[in-house]
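Structure file work08.cif; described as mmCIF, C-alpha atoms and all ligand atoms.
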data_model
#
loop_
_atom_site.label_atom_id
_atom_site.label_comp_id
_atom_site.auth_asym_id
_atom_site.auth_seq_id
_atom_site.Cartn_x
_atom_site.Cartn_y
_atom_site.Cartn_z
CA MET X 1 47.54 74.16 127.76
CA THR X 2 49.46 77.37 127.15
CA GLN X 3 47.32 80.47 127.46
CA GLN X 4 46.88 82.19 124.09
CA ARG X 5 47.61 85.90 124.58
CA SER X 6 46.92 88.52 121.97
CA PHE X 7 48.90 91.74 121.80
CA ARG X 8 47.72 95.07 120.45
CA ARG X 9 51.24 96.40 119.93
CA LEU X 10 54.66 94.77 120.08
CA VAL X 11 57.99 96.42 120.65
CA ILE X 12 60.80 94.21 119.42
CA ASN X 13 64.26 95.23 120.51
CA CYS X 14 66.43 94.94 117.41
CA SER X 15 69.89 95.68 118.72
CA ALA X 16 72.49 96.37 116.08
CA SER X 17 73.96 92.94 116.66
CA SER X 18 70.62 91.12 116.88
CA GLU X 19 70.15 88.06 114.66
CA LEU X 20 66.60 89.14 113.69
CA GLY X 21 66.95 89.22 109.93
CA SER X 22 69.90 91.57 110.11
CA SER X 23 71.99 90.68 107.13
CA PRO X 24 75.41 92.28 107.00
CA ASP X 25 75.50 95.35 104.77
CA PRO X 26 77.77 94.26 101.92
CA MET X 27 78.96 97.84 101.62
CA ASN X 28 80.17 97.81 105.21
CA SER X 29 81.40 94.24 105.28
CA SER X 30 84.68 93.62 107.00
CA ARG X 31 87.81 94.02 104.98
CA HIS X 32 87.94 90.36 104.07
CA ASN X 33 84.51 89.30 102.84
CA HIS X 34 83.33 91.24 99.83
CA MET X 35 80.32 90.92 97.57
CA PRO X 36 81.12 88.50 94.71
CA SER X 37 83.13 90.07 91.92
CA MET X 38 81.53 90.60 88.54
CA ASP X 39 83.28 90.58 85.18
CA PRO X 40 82.96 93.76 83.07
CA PHE X 41 79.85 92.20 81.49
CA GLY X 42 78.08 91.95 84.84
CA MET X 43 78.51 88.19 85.13
CA GLN X 44 79.18 87.10 88.72
CA MET X 45 82.66 85.66 89.09
CA ASN X 46 82.39 83.04 91.81
CA ASP X 47 85.89 81.74 91.43
CA LYS X 48 87.45 84.44 93.60
CA PRO X 49 91.25 84.44 93.35
CA SER X 50 93.10 82.61 96.08
CA TYR X 51 95.49 85.53 96.41
CA LYS X 52 96.53 87.31 99.59
CA TRP X 53 94.26 90.24 98.82
CA GLN X 54 90.99 90.49 96.93
CA ARG X 55 90.71 94.27 96.81
CA VAL X 56 93.76 96.57 96.78
CA LEU X 57 94.41 100.31 96.71
CA LEU X 58 97.34 101.12 94.40
CA LYS X 59 98.90 104.55 95.07
CA VAL X 60 100.80 105.88 92.05
CA SER X 61 102.83 109.01 92.81
CA GLY X 62 102.97 111.77 90.25
CA GLU X 63 106.76 111.62 90.41
CA ALA X 64 106.62 107.95 89.32
CA LEU X 65 104.41 108.85 86.34
CA ALA X 66 107.01 111.34 85.12
CA GLY X 67 109.53 108.57 84.48
CA ASP X 68 112.90 110.08 83.50
CA GLN X 69 111.51 113.57 84.26
CA SER X 70 111.97 114.69 80.65
CA GLN X 71 108.22 115.44 80.55
CA ASN X 72 105.34 115.67 83.00
CA ILE X 73 103.98 112.21 82.12
CA ASP X 74 105.87 109.38 80.44
CA PRO X 75 103.43 107.36 78.26
CA LYS X 76 105.71 104.34 78.61
CA ILE X 77 105.13 104.41 82.38
CA THR X 78 101.34 104.78 82.13
CA MET X 79 101.20 101.95 79.57
CA SER X 80 103.34 99.64 81.72
CA ILE X 81 101.06 100.34 84.71
CA ALA X 82 97.98 99.66 82.56
CA ARG X 83 99.35 96.36 81.24
CA GLU X 84 100.27 95.07 84.70
CA VAL X 85 96.94 96.12 86.21
CA ALA X 86 95.16 94.40 83.31
CA SER X 87 97.02 91.16 84.05
CA VAL X 88 95.71 91.05 87.63
CA THR X 89 92.17 92.32 87.08
CA ARG X 90 91.75 89.32 84.76
CA LEU X 91 92.42 87.17 87.86
CA GLY X 92 89.44 88.76 89.64
CA ILE X 93 91.47 90.98 91.97
CA GLU X 94 89.72 94.33 92.42
CA VAL X 95 92.04 97.32 91.89
CA ALA X 96 91.40 100.91 92.98
CA ILE X 97 94.02 103.56 92.25
CA VAL X 98 94.88 106.90 93.86
CA VAL X 99 97.05 109.01 91.60
CA GLY X 100 99.31 111.83 92.74
CA GLY X 101 100.09 115.12 91.04
CA GLY X 102 103.60 116.05 92.12
CA ASN X 103 104.92 115.59 88.56
CA ILE X 104 102.82 118.58 87.52
CA PHE X 105 102.31 120.71 90.64
CA ARG X 106 103.08 120.31 94.33
CA GLY X 107 101.29 122.88 96.43
CA SER X 108 103.78 123.06 99.25
CA SER X 109 106.55 124.02 96.81
CA TRP X 110 104.57 126.98 95.47
CA ALA X 111 102.82 128.23 98.57
CA GLY X 112 104.13 131.64 99.58
CA SER X 113 105.84 132.31 96.28
CA SER X 114 104.24 134.45 93.59
CA GLY X 115 101.45 135.47 95.99
CA LEU X 116 99.96 131.96 96.17
CA ASP X 117 98.40 131.09 99.50
CA ARG X 118 98.70 127.42 100.52
CA SER X 119 95.04 126.57 99.88
CA SER X 120 95.09 127.95 96.33
CA ALA X 121 98.37 126.15 95.65
CA ASP X 122 96.90 122.90 96.95
CA TYR X 123 93.80 123.20 94.79
CA ILE X 124 96.05 123.56 91.76
CA GLY X 125 97.89 120.45 92.95
CA MET X 126 94.62 118.53 93.27
CA LEU X 127 93.71 119.55 89.72
CA ALA X 128 97.08 118.17 88.65
CA THR X 129 96.05 114.76 90.01
CA VAL X 130 92.91 114.90 87.84
CA MET X 131 95.05 115.42 84.73
CA ASN X 132 97.12 112.36 85.65
CA ALA X 133 93.94 110.38 86.33
CA ILE X 134 92.40 111.17 82.93
CA PHE X 135 95.67 110.26 81.21
CA LEU X 136 95.86 106.95 83.09
CA GLN X 137 92.18 106.20 82.41
CA ALA X 138 92.61 106.81 78.66
CA THR X 139 95.67 104.54 78.59
CA MET X 140 93.84 101.76 80.44
CA GLU X 141 90.72 102.03 78.28
CA SER X 142 92.94 101.89 75.17
CA ILE X 143 93.89 98.32 76.12
CA GLY X 144 90.36 97.32 77.07
CA ILE X 145 90.33 97.86 80.84
CA PRO X 146 86.92 99.27 81.93
CA THR X 147 87.80 102.21 84.15
CA ARG X 148 86.01 104.96 86.08
CA VAL X 149 87.51 108.18 87.44
CA GLN X 150 85.93 109.61 90.59
CA THR X 151 86.98 113.07 91.81
CA ALA X 152 86.85 114.29 95.40
CA PHE X 153 85.14 117.47 94.24
CA ARG X 154 82.62 117.69 91.39
CA MET X 155 83.92 118.02 87.85
CA SER X 156 81.02 116.13 86.27
CA GLU X 157 82.03 116.92 82.69
CA VAL X 158 85.26 114.91 83.03
CA ALA X 159 84.63 112.42 85.86
CA GLU X 160 82.11 110.99 88.32
CA PRO X 161 81.96 112.54 91.77
CA TYR X 162 83.37 110.30 94.50
CA ILE X 163 80.48 108.20 95.81
CA ARG X 164 81.64 105.33 98.00
CA ARG X 165 78.84 102.92 97.17
CA ARG X 166 79.28 103.61 93.48
CA ALA X 167 83.01 103.01 93.68
CA VAL X 168 82.46 99.68 95.46
CA ARG X 169 79.91 98.66 92.85
CA HIS X 170 82.31 99.46 90.02
CA LEU X 171 85.03 97.36 91.67
CA GLU X 172 82.62 94.44 92.12
CA LYS X 173 81.90 94.66 88.39
CA GLY X 174 85.59 94.26 87.57
CA ARG X 175 86.16 97.93 86.75
CA VAL X 176 89.30 99.81 87.83
CA VAL X 177 88.38 102.93 89.83
CA ILE X 178 90.85 105.83 89.78
CA PHE X 179 90.37 108.30 92.64
CA ALA X 180 91.51 111.82 91.74
CA ALA X 181 91.77 115.21 93.47
CA GLY X 182 93.08 113.54 96.61
CA THR X 183 90.91 114.09 99.67
CA GLY X 184 89.47 117.24 98.08
CA ASN X 185 90.92 119.31 100.89
CA PRO X 186 94.04 121.48 100.99
CA PHE X 187 96.81 120.75 103.49
CA PHE X 188 96.62 117.03 102.76
CA THR X 189 98.47 114.72 100.37
CA THR X 190 97.44 111.91 98.04
CA ASP X 191 99.12 109.45 100.41
CA THR X 192 96.47 110.44 102.95
CA ALA X 193 93.86 110.14 100.22
CA ALA X 194 95.14 106.62 99.50
CA ALA X 195 94.81 105.58 103.16
CA LEU X 196 91.37 107.21 103.41
CA ARG X 197 89.93 105.64 100.23
CA CYS X 198 91.44 102.26 101.19
CA ALA X 199 89.58 102.36 104.52
CA GLU X 200 86.36 103.63 102.96
CA ILE X 201 86.09 100.94 100.26
CA ASN X 202 87.30 98.15 102.56
CA ALA X 203 90.39 97.50 100.47
CA GLU X 204 92.93 95.36 102.30
CA VAL X 205 96.23 97.08 101.58
CA VAL X 206 97.81 100.29 100.27
CA LEU X 207 100.37 99.45 97.59
CA LYS X 208 102.59 102.55 97.32
CA ALA X 209 104.33 102.53 93.95
CA THR X 210 107.43 104.71 93.96
CA ASN X 211 110.75 105.20 92.16
CA VAL X 212 112.82 103.38 94.81
CA ASP X 213 112.89 99.70 95.86
CA GLY X 214 111.20 100.26 99.22
CA VAL X 215 111.98 101.89 102.56
CA PHE X 216 115.68 102.27 103.34
CA ASP X 217 117.44 103.21 106.58
CA ASP X 218 118.74 106.27 104.68
CA ASP X 219 117.98 108.03 101.40
CA PRO X 220 119.32 105.61 98.72
CA ARG X 221 119.79 108.50 96.30
CA ARG X 222 122.21 110.15 98.75
CA ASN X 223 123.74 107.12 100.50
CA PRO X 224 124.67 104.15 98.24
CA ASN X 225 125.13 102.02 101.38
CA ALA X 226 121.57 102.59 102.54
CA ARG X 227 119.93 99.31 103.64
CA LEU X 228 116.49 98.20 102.43
CA HIS X 229 114.02 97.18 105.16
CA ASP X 230 111.99 94.04 104.34
CA THR X 231 109.41 94.79 107.01
CA LEU X 232 108.71 97.66 109.39
CA THR X 233 106.16 98.38 112.06
CA TYR X 234 104.13 101.58 111.95
CA GLN X 235 105.94 102.67 115.13
CA GLU X 236 109.35 102.23 113.47
CA VAL X 237 108.25 104.37 110.54
CA THR X 238 107.02 107.15 112.79
CA SER X 239 109.78 106.93 115.44
CA LYS X 240 112.64 106.75 112.91
CA ASP X 241 110.98 109.51 110.85
CA LEU X 242 111.40 107.43 107.71
CA SER X 243 109.92 109.58 104.94
CA VAL X 244 107.63 106.84 103.61
CA MET X 245 104.34 108.66 103.81
CA ASP X 246 103.29 111.79 105.68
CA MET X 247 102.37 111.27 109.32
CA THR X 248 98.63 111.73 108.67
CA ALA X 249 98.65 108.92 106.11
CA ILE X 250 100.68 106.46 108.15
CA THR X 251 98.62 107.20 111.27
CA LEU X 252 95.40 106.58 109.35
CA CYS X 253 96.81 103.23 108.17
CA GLN X 254 97.92 102.32 111.68
CA GLU X 255 94.57 103.21 113.27
CA ASN X 256 92.72 101.09 110.68
CA ASN X 257 95.31 98.29 110.64
CA ILE X 258 95.92 98.82 106.93
CA PRO X 259 99.24 97.32 105.76
CA VAL X 260 101.36 99.34 103.34
CA VAL X 261 103.68 97.88 100.72
CA VAL X 262 106.26 100.32 99.33
CA PHE X 263 107.82 99.09 96.08
CA ASN X 264 109.52 100.22 92.87
CA LEU X 265 107.06 100.38 89.98
CA ASN X 266 109.85 100.80 87.44
CA LYS X 267 110.88 97.16 87.82
CA PRO X 268 108.83 95.12 85.30
CA GLY X 269 106.41 92.78 87.04
CA ASN X 270 106.58 94.52 90.42
CA ILE X 271 103.07 96.01 90.16
CA SER X 272 101.41 92.66 89.49
CA LYS X 273 103.61 90.98 92.12
CA ALA X 274 102.57 93.59 94.72
CA ILE X 275 98.87 93.29 93.80
CA LYS X 276 99.04 89.49 93.99
CA GLY X 277 100.60 89.76 97.45
CA GLU X 278 103.99 88.37 96.45
CA ARG X 279 107.09 89.57 98.32
CA VAL X 280 108.26 92.90 96.92
CA GLY X 281 109.67 96.08 98.48
CA THR X 282 108.95 96.84 102.13
CA LEU X 283 105.88 95.68 104.08
CA ILE X 284 104.72 98.07 106.82
CA GLY X 285 102.30 96.79 109.45
CA GLY X 286 100.07 93.96 108.29
CA THR X 287 100.68 91.73 111.32
N1 LIG X 301 74.21 109.84 93.48
C1 LIG X 301 74.33 108.76 94.27
N2 LIG X 301 74.33 108.91 95.60
C2 LIG X 301 74.51 107.84 96.41
N3 LIG X 301 74.67 106.57 95.96
C3 LIG X 301 74.67 106.38 94.65
C4 LIG X 301 74.51 107.44 93.72
N4 LIG X 301 74.57 106.93 92.47
C5 LIG X 301 74.75 105.61 92.61
N5 LIG X 301 74.80 105.28 93.91
C6 LIG X 301 75.00 103.93 94.45
O1 LIG X 301 76.17 103.39 93.87
C7 LIG X 301 75.95 102.02 93.53
C8 LIG X 301 76.28 101.80 92.03
O2 LIG X 301 75.54 102.73 91.27
P1 LIG X 301 74.94 102.25 89.89
O3 LIG X 301 74.65 103.45 89.06
O4 LIG X 301 73.85 101.26 90.15
O5 LIG X 301 76.14 101.50 89.19
P2 LIG X 301 75.96 100.33 88.10
O6 LIG X 301 74.66 100.55 87.41
O7 LIG X 301 77.12 100.46 87.18
O8 LIG X 301 76.00 99.09 88.93
C9 LIG X 301 74.52 101.70 93.87
O9 LIG X 301 74.57 101.02 95.12
C10 LIG X 301 73.85 103.04 94.05
O10 LIG X 301 72.93 102.99 95.11
O1 LIG X 302 94.14 115.61 99.54
C1 LIG X 302 94.96 116.28 98.88
C2 LIG X 302 95.83 115.69 97.92
C3 LIG X 302 96.72 116.48 97.21
N1 LIG X 302 96.75 117.83 97.42
C4 LIG X 302 97.63 118.71 96.63
O2 LIG X 302 97.97 118.03 95.41
C5 LIG X 302 99.39 117.98 95.30
C6 LIG X 302 99.78 116.69 94.58
O3 LIG X 302 99.54 115.58 95.45
P1 LIG X 302 100.81 114.77 96.05
O4 LIG X 302 101.91 115.72 96.31
O5 LIG X 302 100.33 113.93 97.19
O6 LIG X 302 101.21 113.86 94.79
P2 LIG X 302 102.44 112.84 94.73
O7 LIG X 302 103.42 113.21 95.81
O8 LIG X 302 101.89 111.48 94.92
O9 LIG X 302 103.00 113.05 93.35
C7 LIG X 302 99.90 118.08 96.72
O10 LIG X 302 101.24 118.56 96.72
C8 LIG X 302 98.93 119.07 97.33
O11 LIG X 302 99.30 120.39 96.96
C9 LIG X 302 95.93 118.42 98.36
O12 LIG X 302 95.98 119.62 98.57
N2 LIG X 302 95.05 117.65 99.06
#

Any chance you could give the structure as structure tokens?
Ligand SMILES: Nc1ncnc2c1ncn2[C@@H]1O[C@H](COP(=O)(O)OP(=O)(O)O)[C@@H](O)[C@H]1O
Ligand SMILES: O=c1ccn([C@@H]2O[C@H](COP(=O)(O)OP(=O)(O)O)[C@@H](O)[C@H]2O)c(=O)[nH]1
Amino acid sequence: MTQQRSFRRLVINCSASSELGSSPDPMNSSRHNHMPSMDPFGMQMNDKPSYKWQRVLLKVSGEALAGDQSQNIDPKITMSIAREVASVTRLGIEVAIVVGGGNIFRGSSWAGSSGLDRSSADYIGMLATVMNAIFLQATMESIGIPTRVQTAFRMSEVAEPYIRRRAVRHLEKGRVVIFAAGTGNPFFTTDTAAALRCAEINAEVVLKATNVDGVFDDDPRRNPNARLHDTLTYQEVTSKDLSVMDMTAITLCQENNIPVVVFNLNKPGNISKAIKGERVGTLIGGT
């Protein structure tokens, strides 16, 4: 007969990987198994899309928002983005957006001139991204897309502060989250902010929407014979110094194995194609 032993105090070793009741934290789940999506009315959507990606980070450069450059923001561009994003959020794909500000103010171009130090110039640039974000949010809401703007530094009268868990929750509820003010730090770019937010919210890809068809072996605006790359490795981008994203951004993607798709958002249908994982532009990484 086994001897019954009583214990006054037990120490149970719960290692991080132990099976003892440790359920994976949905907020820190791996990039490919998310909490179930919810529709904007909070109903759980079990029929997850059978698309390549379930949660994407769409980077929209300020330059792309300006359209034909006749004004800072072209409402036709923001509306076309909104309509294409609406078509894929209806499929249950979760879309987060990082918006640039170069159409209004690019810090590096102003630093040094008119007495502006780089940090002050960059803060003005980050504020420019907030203007773009509010414009894009208003356009999306005007066609019924529930949207939240989260800023990297507090501007609580116009947007939520960036809170990762809150952003993930909004996405799970079928809301589009627009991240503004970049990383919130000077000396960075919104491409880096896109890579950072993608990693933080466990999105699976950075979709970089630009004014050109993808990554070429030379600047297509200077060299009409420039050749479009279908795919590139991170090493090729860095070694060939292809000006796709700044080095910080591409390194962050490489270190976190985040694929990048560079595509032309001016071609109708490209945004929804990119979000649905269809072939468009240039795919970097993503082995
Ligand atoms: N100020 C905060 N600091 C940290 N986490 C927060 C904060 N506000 C909300 N959250 C987290 O964000 C997630 C979503 O927030 P919540 O307000 O519940 O959104 P909703 O009600 O729309 O689902 C929750 O997990 C909550 O814990
Ligand atoms: O994390 C960031 C993101 C942006 N910026 C500033 O905001 C400007 C606009 O962002 P960006 O140039 O990346 O916009 P885009 O090129 O996408 O239009 C930059 O030039 C920087 O001056 C910054 O200082 N820190």

Please give me, as an mmCIF file with C-alpha atoms, keeping the file's coordinate frame, the residues lying within 8 Å of ligand LIG 301 (chain X) when counting all atoms listed in the file.
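Dumped everything to out_34.cif:
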data_model
loop_
_atom_site.group_PDB
_atom_site.id
_atom_site.type_symbol
_atom_site.label_atom_id
_atom_site.label_comp_id
_atom_site.auth_asym_id
_atom_site.auth_seq_id
_atom_site.Cartn_x
_atom_site.Cartn_y
_atom_site.Cartn_z
ATOM 1 C CA ILE X 163 80.480 108.200 95.810
ATOM 2 C CA ARG X 164 81.640 105.330 98.000
ATOM 3 C CA ARG X 165 78.840 102.920 97.170
ATOM 4 C CA ARG X 166 79.280 103.610 93.480
ATOM 5 C CA ALA X 167 83.010 103.010 93.680
ATOM 6 C CA VAL X 168 82.460 99.680 95.460
ATOM 7 C CA ARG X 169 79.910 98.660 92.850
ATOM 8 C CA HIS X 170 82.310 99.460 90.020
ATOM 9 C CA LYS X 173 81.900 94.660 88.390
#

Original post:
Pick from X:Ile73, X:Leu91, X:Val56, X:Ala121: nearest to X:Gly107, with all atoms listed in the file counted?
Top reply: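 The answer is X:Ala121, which sits nearest to X:Gly107.
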
Original post:
So how many Å separate atom CA of X:Arg279 and atom CA of X:Val261, to one decimal?
Top reply: 9.3 Å

As an mmCIF file with C-alpha atoms, keeping the file's coordinate frame, please: every protein or nucleic acid residue near ligand LIG 302 (chain X) (cut-off 9 Å, counting all atoms listed in the file).
data_model
loop_
_atom_site.group_PDB
_atom_site.id
_atom_site.type_symbol
_atom_site.label_atom_id
_atom_site.label_comp_id
_atom_site.auth_asym_id
_atom_site.auth_seq_id
_atom_site.Cartn_x
_atom_site.Cartn_y
_atom_site.Cartn_z
ATOM 1 C CA LYS X 59 98.900 104.550 95.070
ATOM 2 C CA VAL X 60 100.800 105.880 92.050
ATOM 3 C CA SER X 61 102.830 109.010 92.810
ATOM 4 C CA GLY X 62 102.970 111.770 90.250
ATOM 5 C CA GLU X 63 106.760 111.620 90.410
ATOM 6 C CA ALA X 64 106.620 107.950 89.320
ATOM 7 C CA LEU X 65 104.410 108.850 86.340
ATOM 8 C CA VAL X 98 94.880 106.900 93.860
ATOM 9 C CA VAL X 99 97.050 109.010 91.600
ATOM 10 C CA GLY X 100 99.310 111.830 92.740
ATOM 11 C CA GLY X 101 100.090 115.120 91.040
ATOM 12 C CA GLY X 102 103.600 116.050 92.120
ATOM 13 C CA ASN X 103 104.920 115.590 88.560
ATOM 14 C CA ILE X 104 102.820 118.580 87.520
ATOM 15 C CA PHE X 105 102.310 120.710 90.640
ATOM 16 C CA ARG X 106 103.080 120.310 94.330
ATOM 17 C CA GLY X 107 101.290 122.880 96.430
ATOM 18 C CA SER X 108 103.780 123.060 99.250
ATOM 19 C CA SER X 109 106.550 124.020 96.810
ATOM 20 C CA TRP X 110 104.570 126.980 95.470
ATOM 21 C CA ALA X 111 102.820 128.230 98.570
ATOM 22 C CA ARG X 118 98.700 127.420 100.520
ATOM 23 C CA SER X 119 95.040 126.570 99.880
ATOM 24 C CA SER X 120 95.090 127.950 96.330
ATOM 25 C CA ALA X 121 98.370 126.150 95.650
ATOM 26 C CA ASP X 122 96.900 122.900 96.950
ATOM 27 C CA TYR X 123 93.800 123.200 94.790
ATOM 28 C CA ILE X 124 96.050 123.560 91.760
ATOM 29 C CA GLY X 125 97.890 120.450 92.950
ATOM 30 C CA MET X 126 94.620 118.530 93.270
ATOM 31 C CA LEU X 127 93.710 119.550 89.720
ATOM 32 C CA ALA X 128 97.080 118.170 88.650
ATOM 33 C CA THR X 129 96.050 114.760 90.010
ATOM 34 C CA ALA X 152 86.850 114.290 95.400
ATOM 35 C CA ALA X 180 91.510 111.820 91.740
ATOM 36 C CA ALA X 181 91.770 115.210 93.470
ATOM 37 C CA GLY X 182 93.080 113.540 96.610
ATOM 38 C CA THR X 183 90.910 114.090 99.670
ATOM 39 C CA GLY X 184 89.470 117.240 98.080
ATOM 40 C CA ASN X 185 90.920 119.310 100.890
ATOM 41 C CA PRO X 186 94.040 121.480 100.990
ATOM 42 C CA PHE X 187 96.810 120.750 103.490
ATOM 43 C CA PHE X 188 96.620 117.030 102.760
ATOM 44 C CA THR X 189 98.470 114.720 100.370
ATOM 45 C CA THR X 190 97.440 111.910 98.040
ATOM 46 C CA ASP X 191 99.120 109.450 100.410
ATOM 47 C CA THR X 192 96.470 110.440 102.950
ATOM 48 C CA ALA X 193 93.860 110.140 100.220
ATOM 49 C CA THR X 210 107.430 104.710 93.960
#

**OP:** Would you please work out which residue, of X:Thr78, X:Asn132, X:Thr231, X:Asn264, is nearest to X:Thr151 when using all atoms listed in the file?
**Re:**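 Checking each candidate against X:Thr151, we get X:Asn132 as the closest.
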
Subject >> Using only C-alpha atoms: which of X:Ser70, X:Asn223, X:Asn256, X:Thr89 has the shortest distance to X:Cys198 >> reply: X:Asn256

**OP:** Please indicate the distance in Å from atom CA of X:Asp230 to atom CA of X:Leu196, rounded to one decimal place.
**Re:** 24.5 Å
